[in-house]
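K.L.:
Handing you this structure, nothing more for now.
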Amino acid sequence: MAYDFDLFVIGAGSGGVRAARFAAGFGAKVAVAESRYLGGTCVNVGCVPKKLLVYGAHVADELEQAAGFGWTLEEGHFDWGTLIANKNREIERLNGIYRNLLVNSGVTLLQGHARLTGAHEVEVEGQRYSAEHILIATGGWPQVPDIPGKELAITSNEAFYLKELPRRVLVVGGGYIAVEFAGIFQGLGADTTLLYRGDLFLRGFDGSVRTHLKEELQKRGLDLQFNADIQRIDQQADGSLKATLKDGRELVADCVFYATGRRPMLDNLGLENTGVELDDRGFIRVDDQYQTTEPSIIAIGDVIGRVQLTPVALAEGMAVARRLFKPEQYRPVDYQNIPTAVFSQPPIGTVGLTEEQALEAGHKVQIFESRFRAMKLTLTDIQEKTLMKLVVDAETDKVLGCHMVGSDAGEIIQGLGVALKAGATKQQFDETIGVHPTAAEEFVTMRTATR
């Protein structure tokens, strides 16, 4: 059967665009349909604008530290509107880049909502297209618990477009998005409280990292309230929001921000017209090659609920393009030792196993930890501490995990990701000469196990 396209991609986020571009480069006839914005969550309402806001929040730290280096500054004034306008201009530029990447690679770009009407057929704005392969890369969407007053809350989608910085903010959630936005709001001057229903945020991260970050955030004055959850939200006469907690307490704020998880974006996708099945969490079920239970349909990225990170979606998109149209170059995605960062304040960088994961996997471990005040802070009154930690297999000497909380953690951990991917041992870390004076050199100078 002759199809209109060899590959039809639904969703122009990171994974979809990567798969489309490279499939077209391999000679396939490719179309991409996108109903919202080019670049997906990451570019528009995710990691890119968030990092720009994090940079903005960090300026307050730089101003506070300036006096120690001899700078006398007039009291600064922050304007939220300027930051958001500049952010919007940068996102528009990136949207244009994504458009050019697709069009210049020969991909047919269809702007409109795509709906599956069969195993090989997609409908976009009333027009039907056939394809040998269909790739679902529609990403995720933030979700708010079904409580009275949920419509009064915002998520990360709306936070990037607030008209003004709220004076008082309640951030609800214990994942990295909640922690990052709590730091953004507080760093830019809002009175911020972080509520999490569990004992300690960032479940799944190394225990030392979680505890250390909690202590540093408290030093900064962030109000952390664990084992706390909202029962209902009510708007008051003055426009403020009253959050009634499950323990009966009441908190008043101007903004309630929810970061309590993301669901796969499957709305009106037409899966019922295909043999595609969902797993027990509601994500699209796929095998090791991202094949769904409908042979002609593939799915990647956040919609399959594996590792929900932009670089992972990119790798999955590349793997799909190669497998279908350049099989001699195909390599499966390696989900081991994926470096990642949390752009909290201070930030986290981590790669490999946590101490808890290493023990659970049966490793006999040695732990190397160092806590110190960064050199940059020694001329200031700021008492923030950096944490660095190595998890080492005591029998093979292999470094199983590297973890850091402190300035530039994300930048530093990227290089260590290469070392772990290469199977580096603690001896090789020790024999590596450090760059002095830097914080990063601490990773190669920790000689004595702390436990």
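Identifiers for the structure tokens are assigned positionally: chains receive A, B, ... in sequence, residues are indexed from 1 per chain, and ligands are indexed from 1 in the order shown.
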Quick one: residues within 9 Å of range 215-231 of chain A, only C-alpha atoms, excluding same-chain residues fewer than 3 positions away - as a PDB file with N, CA and C atoms, in the first residue's frame?
P.N.:
```pdb
ATOM      1  N   ILE A 147      -9.698  18.756  44.320  1.00  0.00           N
ATOM      2  CA  ILE A 147     -10.146  19.274  45.612  1.00  0.00           C
ATOM      3  C   ILE A 147     -11.045  20.489  45.362  1.00  0.00           C
ATOM      4  N   PRO A 148     -11.890  20.834  46.312  1.00  0.00           N
ATOM      5  CA  PRO A 148     -12.680  22.061  46.153  1.00  0.00           C
ATOM      6  C   PRO A 148     -11.770  23.274  45.979  1.00  0.00           C
ATOM      7  N   VAL A 172       2.924  23.613  46.267  1.00  0.00           N
ATOM      8  CA  VAL A 172       2.488  22.310  46.755  1.00  0.00           C
ATOM      9  C   VAL A 172       3.144  21.222  45.922  1.00  0.00           C
ATOM     10  N   GLY A 173       3.890  20.345  46.586  1.00  0.00           N
ATOM     11  CA  GLY A 173       4.540  19.248  45.887  1.00  0.00           C
ATOM     12  C   GLY A 173       5.904  18.961  46.465  1.00  0.00           C
ATOM     13  N   GLY A 174       6.419  17.778  46.184  1.00  0.00           N
ATOM     14  CA  GLY A 174       7.718  17.395  46.721  1.00  0.00           C
ATOM     15  C   GLY A 174       8.706  16.944  45.669  1.00  0.00           C
ATOM     16  N   ALA A 182       9.762  26.897  44.104  1.00  0.00           N
ATOM     17  CA  ALA A 182       9.832  27.516  45.427  1.00  0.00           C
ATOM     18  C   ALA A 182      11.066  28.409  45.504  1.00  0.00           C
ATOM     19  N   GLY A 183      12.178  27.933  44.967  1.00  0.00           N
ATOM     20  CA  GLY A 183      13.402  28.739  44.954  1.00  0.00           C
ATOM     21  C   GLY A 183      13.286  29.962  44.066  1.00  0.00           C
ATOM     22  N   GLN A 186      10.882  32.524  45.855  1.00  0.00           N
ATOM     23  CA  GLN A 186      11.538  33.128  47.014  1.00  0.00           C
ATOM     24  C   GLN A 186      12.706  34.005  46.593  1.00  0.00           C
ATOM     25  N   ASP A 191       7.149  35.893  49.438  1.00  0.00           N
ATOM     26  CA  ASP A 191       7.093  35.158  50.702  1.00  0.00           C
ATOM     27  C   ASP A 191       6.572  33.759  50.370  1.00  0.00           C
ATOM     28  N   THR A 192       7.453  32.757  50.447  1.00  0.00           N
ATOM     29  CA  THR A 192       7.156  31.451  49.860  1.00  0.00           C
ATOM     30  C   THR A 192       7.127  30.342  50.898  1.00  0.00           C
ATOM     31  N   THR A 193       6.116  29.486  50.787  1.00  0.00           N
ATOM     32  CA  THR A 193       5.987  28.287  51.620  1.00  0.00           C
ATOM     33  C   THR A 193       5.890  27.077  50.707  1.00  0.00           C
ATOM     34  N   LEU A 194       6.644  26.035  51.025  1.00  0.00           N
ATOM     35  CA  LEU A 194       6.579  24.778  50.277  1.00  0.00           C
ATOM     36  C   LEU A 194       5.885  23.731  51.142  1.00  0.00           C
ATOM     37  N   LEU A 195       4.773  23.200  50.648  1.00  0.00           N
ATOM     38  CA  LEU A 195       4.016  22.170  51.342  1.00  0.00           C
ATOM     39  C   LEU A 195       4.222  20.835  50.645  1.00  0.00           C
ATOM     40  N   TYR A 196       4.509  19.796  51.438  1.00  0.00           N
ATOM     41  CA  TYR A 196       4.633  18.458  50.863  1.00  0.00           C
ATOM     42  C   TYR A 196       3.994  17.462  51.819  1.00  0.00           C
ATOM     43  N   ARG A 197       3.229  16.555  51.270  1.00  0.00           N
ATOM     44  CA  ARG A 197       2.474  15.622  52.101  1.00  0.00           C
ATOM     45  C   ARG A 197       3.340  14.549  52.744  1.00  0.00           C
ATOM     46  N   GLY A 198       4.577  14.367  52.255  1.00  0.00           N
ATOM     47  CA  GLY A 198       5.480  13.356  52.808  1.00  0.00           C
ATOM     48  C   GLY A 198       6.412  13.915  53.869  1.00  0.00           C
ATOM     49  N   ASP A 199       7.306  13.037  54.341  1.00  0.00           N
ATOM     50  CA  ASP A 199       8.248  13.423  55.400  1.00  0.00           C
ATOM     51  C   ASP A 199       9.361  14.324  54.880  1.00  0.00           C
ATOM     52  N   LEU A 200       9.766  14.127  53.630  1.00  0.00           N
ATOM     53  CA  LEU A 200      10.887  14.882  53.069  1.00  0.00           C
ATOM     54  C   LEU A 200      10.772  14.867  51.551  1.00  0.00           C
ATOM     55  N   PHE A 201      11.047  16.002  50.928  1.00  0.00           N
ATOM     56  CA  PHE A 201      10.890  16.110  49.474  1.00  0.00           C
ATOM     57  C   PHE A 201      11.952  15.333  48.699  1.00  0.00           C
ATOM     58  N   ARG A 210      18.962  15.002  49.947  1.00  0.00           N
ATOM     59  CA  ARG A 210      17.663  15.506  50.384  1.00  0.00           C
ATOM     60  C   ARG A 210      17.778  16.268  51.707  1.00  0.00           C
ATOM     61  N   THR A 211      18.489  15.664  52.652  1.00  0.00           N
ATOM     62  CA  THR A 211      18.636  16.301  53.967  1.00  0.00           C
ATOM     63  C   THR A 211      19.441  17.584  53.872  1.00  0.00           C
ATOM     64  N   HIS A 212      20.522  17.544  53.091  1.00  0.00           N
ATOM     65  CA  HIS A 212      21.386  18.722  52.965  1.00  0.00           C
ATOM     66  C   HIS A 212      20.622  19.878  52.326  1.00  0.00           C
ATOM     67  N   ALA A 243      -6.037  28.619  51.965  1.00  0.00           N
ATOM     68  CA  ALA A 243      -5.859  27.185  51.825  1.00  0.00           C
ATOM     69  C   ALA A 243      -6.101  26.535  53.176  1.00  0.00           C
ATOM     70  N   THR A 244      -7.100  25.663  53.221  1.00  0.00           N
ATOM     71  CA  THR A 244      -7.375  24.917  54.442  1.00  0.00           C
ATOM     72  C   THR A 244      -6.666  23.581  54.346  1.00  0.00           C
ATOM     73  N   LEU A 245      -5.794  23.304  55.313  1.00  0.00           N
ATOM     74  CA  LEU A 245      -5.020  22.069  55.289  1.00  0.00           C
ATOM     75  C   LEU A 245      -5.808  20.933  55.920  1.00  0.00           C
ATOM     76  N   LYS A 246      -5.376  19.722  55.654  1.00  0.00           N
ATOM     77  CA  LYS A 246      -6.064  18.547  56.178  1.00  0.00           C
ATOM     78  C   LYS A 246      -5.957  18.447  57.694  1.00  0.00           C
ATOM     79  N   ASP A 247      -4.960  19.133  58.273  1.00  0.00           N
ATOM     80  CA  ASP A 247      -4.847  19.134  59.740  1.00  0.00           C
ATOM     81  C   ASP A 247      -5.635  20.279  60.373  1.00  0.00           C
ATOM     82  N   GLY A 248      -6.391  21.028  59.544  1.00  0.00           N
ATOM     83  CA  GLY A 248      -7.245  22.080  60.055  1.00  0.00           C
ATOM     84  C   GLY A 248      -6.644  23.469  60.019  1.00  0.00           C
ATOM     85  N   SER A 344      17.455  23.902  41.968  1.00  0.00           N
ATOM     86  CA  SER A 344      17.054  24.500  43.232  1.00  0.00           C
ATOM     87  C   SER A 344      18.122  25.537  43.597  1.00  0.00           C
ATOM     88  N   GLN A 345      17.948  26.133  44.757  1.00  0.00           N
ATOM     89  CA  GLN A 345      18.948  27.114  45.201  1.00  0.00           C
ATOM     90  C   GLN A 345      19.380  26.783  46.622  1.00  0.00           C
ATOM     91  N   PRO A 346      20.519  26.099  46.788  1.00  0.00           N
ATOM     92  CA  PRO A 346      21.521  25.717  45.794  1.00  0.00           C
ATOM     93  C   PRO A 346      21.084  24.522  44.942  1.00  0.00           C
ATOM     94  N   GLN A 383      26.662  31.508  54.980  1.00  0.00           N
ATOM     95  CA  GLN A 383      27.155  30.258  55.568  1.00  0.00           C
ATOM     96  C   GLN A 383      26.713  29.005  54.791  1.00  0.00           C
ATOM     97  N   GLU A 384      26.312  29.175  53.544  1.00  0.00           N
ATOM     98  CA  GLU A 384      25.871  28.026  52.751  1.00  0.00           C
ATOM     99  C   GLU A 384      26.985  27.002  52.598  1.00  0.00           C
ATOM    100  N   LYS A 385      26.621  25.719  52.707  1.00  0.00           N
ATOM    101  CA  LYS A 385      27.589  24.633  52.567  1.00  0.00           C
ATOM    102  C   LYS A 385      27.317  23.843  51.284  1.00  0.00           C
TER     103      LYS A 385
END
```
K.L.:
Write out as an MDAnalysis selection string the residues lying within 12 Å of Leu309 in chain A, counting only C-alpha atoms and excluding same-chain residues fewer than 2 positions away.
P.N.:
chainID A and resid 13:15 41:42 46:47 139:140 176 300:307 311:316 335 338:342
K.L.:
So which residues touch range 387-390 of chain A within 8 Å, counting only C-alpha atoms, skipping near sequence neighbours fewer than 4 positions away, as number ranges by chain?
P.N.:
A: 209, 212, 367-372, 399-406, 442-443
K.L.:
Extract, using only C-alpha atoms, all DNA, RNA and protein residues at most 10 Å from range 428-438 of chain A, discarding same-chain residues fewer than 4 positions from it, and format them as a ChimeraX atom specification.
P.N.:
/A:374-376,397-399,416,419,423-424,442-447
K.L.:
Under the rule that only C-alpha atoms are counted, which of A:Phe26, A:Gly187, A:Ala449, A:Val32 is the nearest residue to Leu63 in chain A?
P.N.:
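Closest candidate: A:Gly187.
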K.L.:
If I take CA of Val286 in chain A and CA of Asn157 in chain A, how far is one from the other in Å, to one decimal?
P.N.:
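Interatomic distance, CA of Val286 in chain A to CA of Asn157 in chain A: 27.4 Å.
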K.L.:
Using backbone DSSP assignments, extract all helix (DSSP H, G or I) residues from range 70-224 of chain A; output them as a PyMOL selection string.
P.N.:
chain A and resi 80-104+150-152+156-159+176-187+207-219
K.L.:
Quick one: write out the picked residues with C-alpha atoms as a compact mmCIF listing (two decimals), in the first residue's frame?
P.N.:
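Output below, filename part.txt:
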```
# COMPACT_ATOMS: atom_id res chain seq x y z
CA TRP A 80 8.79 40.77 37.04
CA GLY A 81 7.24 42.13 33.85
CA THR A 82 10.64 42.82 32.31
CA LEU A 83 11.90 39.32 33.09
CA ILE A 84 8.79 37.67 31.63
CA ALA A 85 8.84 39.86 28.49
CA ASN A 86 12.50 39.03 27.87
CA LYS A 87 11.79 35.36 28.51
CA ASN A 88 8.91 35.43 26.03
CA ARG A 89 11.11 36.99 23.36
CA GLU A 90 13.70 34.24 23.81
CA ILE A 91 11.04 31.50 23.61
CA GLU A 92 9.68 33.02 20.39
CA ARG A 93 13.20 32.92 18.96
CA LEU A 94 13.52 29.25 19.88
CA ASN A 95 10.11 28.48 18.35
CA GLY A 96 11.42 29.92 15.10
CA ILE A 97 14.56 27.80 15.31
CA TYR A 98 12.49 24.64 15.76
CA ARG A 99 10.34 25.60 12.79
CA ASN A 100 13.42 26.12 10.63
CA LEU A 101 14.97 22.85 11.78
CA LEU A 102 11.89 20.95 10.66
CA VAL A 103 11.17 22.77 7.42
CA ASN A 104 14.81 22.89 6.31
CA LYS A 150 -8.70 23.50 42.40
CA GLU A 151 -9.57 26.01 39.65
CA LEU A 152 -8.04 28.75 41.81
CA SER A 156 3.93 25.47 35.84
CA ASN A 157 2.01 26.16 32.61
CA GLU A 158 0.51 29.36 34.01
CA ALA A 159 3.43 30.38 36.24
CA TYR A 176 11.96 18.76 41.52
CA ILE A 177 9.49 21.14 39.87
CA ALA A 178 8.05 22.16 43.24
CA VAL A 179 11.49 22.65 44.76
CA GLU A 180 12.74 24.66 41.78
CA PHE A 181 9.75 27.00 41.68
CA ALA A 182 9.83 27.52 45.43
CA GLY A 183 13.40 28.74 44.95
CA ILE A 184 12.42 30.94 42.02
CA PHE A 185 9.54 32.64 43.83
CA GLN A 186 11.54 33.13 47.01
CA GLY A 187 14.66 34.30 45.18
CA GLY A 207 19.21 10.69 51.33
CA SER A 208 22.22 12.90 52.06
CA VAL A 209 21.25 15.19 49.20
CA ARG A 210 17.66 15.51 50.38
CA THR A 211 18.64 16.30 53.97
CA HIS A 212 21.39 18.72 52.96
CA LEU A 213 19.12 20.67 50.61
CA LYS A 214 16.43 20.88 53.29
CA GLU A 215 18.95 22.44 55.68
CA GLU A 216 20.21 24.92 53.10
CA LEU A 217 16.72 26.00 52.05
CA GLN A 218 15.82 26.58 55.67
CA LYS A 219 18.94 28.75 56.08
```
K.L.:
Nearest to Ile154 in chain A: which of A:Ala259, A:Ala119, A:Leu278, A:Leu266 is it, counting only C-alpha atoms?
P.N.:
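Looking only at the distances to Ile154 in chain A, the closest residue turns out to be A:Ala259.
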K.L.:
Could you find all residues in range 59-246 of chain A that DSSP calls strand (DSSP E or B) from the backbone, and write them as a PDB file with C-alpha atoms, in the first residue's frame?
P.N.:
```
ATOM      1  CA  THR A 108       5.983  18.663   6.320  1.00  0.00           C
ATOM      2  CA  LEU A 109       4.782  20.749   9.286  1.00  0.00           C
ATOM      3  CA  LEU A 110       1.045  20.664   9.999  1.00  0.00           C
ATOM      4  CA  GLN A 111      -0.171  23.065  12.665  1.00  0.00           C
ATOM      5  CA  ALA A 114      -3.884  15.433  15.211  1.00  0.00           C
ATOM      6  CA  ARG A 115      -6.242  12.573  15.981  1.00  0.00           C
ATOM      7  CA  LEU A 116      -5.746   8.925  15.183  1.00  0.00           C
ATOM      8  CA  THR A 117      -8.517   7.492  13.033  1.00  0.00           C
ATOM      9  CA  GLY A 118      -6.876   4.121  12.458  1.00  0.00           C
ATOM     10  CA  GLU A 121      -4.332   7.134   9.548  1.00  0.00           C
ATOM     11  CA  VAL A 122      -4.294  10.548  11.215  1.00  0.00           C
ATOM     12  CA  GLU A 123      -6.758  13.417  10.880  1.00  0.00           C
ATOM     13  CA  VAL A 124      -5.594  17.027  11.233  1.00  0.00           C
ATOM     14  CA  GLN A 127      -7.773  16.442   6.507  1.00  0.00           C
ATOM     15  CA  ARG A 128      -6.774  12.784   6.664  1.00  0.00           C
ATOM     16  CA  TYR A 129      -3.247  11.479   6.089  1.00  0.00           C
ATOM     17  CA  SER A 130      -1.950   7.928   5.893  1.00  0.00           C
ATOM     18  CA  ALA A 131       1.425   6.787   7.177  1.00  0.00           C
ATOM     19  CA  GLU A 132       3.338   3.540   7.382  1.00  0.00           C
ATOM     20  CA  HIS A 133       4.539   4.456  10.876  1.00  0.00           C
ATOM     21  CA  ILE A 134       2.935   6.836  13.375  1.00  0.00           C
ATOM     22  CA  LEU A 135       4.949   8.222  16.287  1.00  0.00           C
ATOM     23  CA  ILE A 136       3.147   9.577  19.352  1.00  0.00           C
ATOM     24  CA  GLY A 140       2.817  15.323  29.536  1.00  0.00           C
ATOM     25  CA  TRP A 141       0.563  17.823  31.257  1.00  0.00           C
ATOM     26  CA  PRO A 142       0.527  19.032  34.874  1.00  0.00           C
ATOM     27  CA  ILE A 154      -1.999  27.392  38.964  1.00  0.00           C
ATOM     28  CA  ARG A 168       2.767  35.356  48.968  1.00  0.00           C
ATOM     29  CA  VAL A 169       3.038  31.933  47.327  1.00  0.00           C
ATOM     30  CA  LEU A 170       2.150  28.424  48.458  1.00  0.00           C
ATOM     31  CA  VAL A 171       3.997  25.797  46.431  1.00  0.00           C
ATOM     32  CA  VAL A 172       2.488  22.310  46.755  1.00  0.00           C
ATOM     33  CA  ASP A 191       7.093  35.158  50.702  1.00  0.00           C
ATOM     34  CA  THR A 192       7.156  31.451  49.860  1.00  0.00           C
ATOM     35  CA  THR A 193       5.987  28.287  51.620  1.00  0.00           C
ATOM     36  CA  LEU A 194       6.579  24.778  50.277  1.00  0.00           C
ATOM     37  CA  LEU A 195       4.016  22.170  51.342  1.00  0.00           C
ATOM     38  CA  TYR A 196       4.633  18.458  50.863  1.00  0.00           C
ATOM     39  CA  ASP A 223       9.178  27.921  54.916  1.00  0.00           C
ATOM     40  CA  LEU A 224       9.185  24.135  54.528  1.00  0.00           C
ATOM     41  CA  GLN A 225       6.117  22.308  55.789  1.00  0.00           C
ATOM     42  CA  PHE A 226       6.252  18.531  55.486  1.00  0.00           C
ATOM     43  CA  ILE A 230      -4.331  21.133  51.226  1.00  0.00           C
ATOM     44  CA  GLN A 231      -7.941  20.037  51.653  1.00  0.00           C
ATOM     45  CA  ARG A 232      -9.624  22.995  49.918  1.00  0.00           C
ATOM     46  CA  ILE A 233      -8.913  26.453  48.486  1.00  0.00           C
ATOM     47  CA  ASP A 234     -11.268  29.410  48.868  1.00  0.00           C
ATOM     48  CA  GLN A 235     -11.052  32.913  47.432  1.00  0.00           C
ATOM     49  CA  LEU A 241      -6.615  32.643  48.603  1.00  0.00           C
ATOM     50  CA  LYS A 242      -7.226  30.724  51.803  1.00  0.00           C
ATOM     51  CA  ALA A 243      -5.859  27.185  51.825  1.00  0.00           C
ATOM     52  CA  THR A 244      -7.375  24.917  54.442  1.00  0.00           C
ATOM     53  CA  LEU A 245      -5.020  22.069  55.289  1.00  0.00           C
TER      54      LEU A 245
END
```
K.L.:
Using only C-alpha atoms, find the one residue out of A:Leu188, A:Val48, A:Ala299, A:Leu202 that sits nearest to Gly16 in chain A.
P.N.:
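Answer, going by the shortest atom-to-atom distance: A:Ala299.
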K.L.:
Enter the distance from CA of Phe325 in chain A to CA of Ala33 in chain A, in Å, rounded to one decimal.
P.N.:
19.9 Å
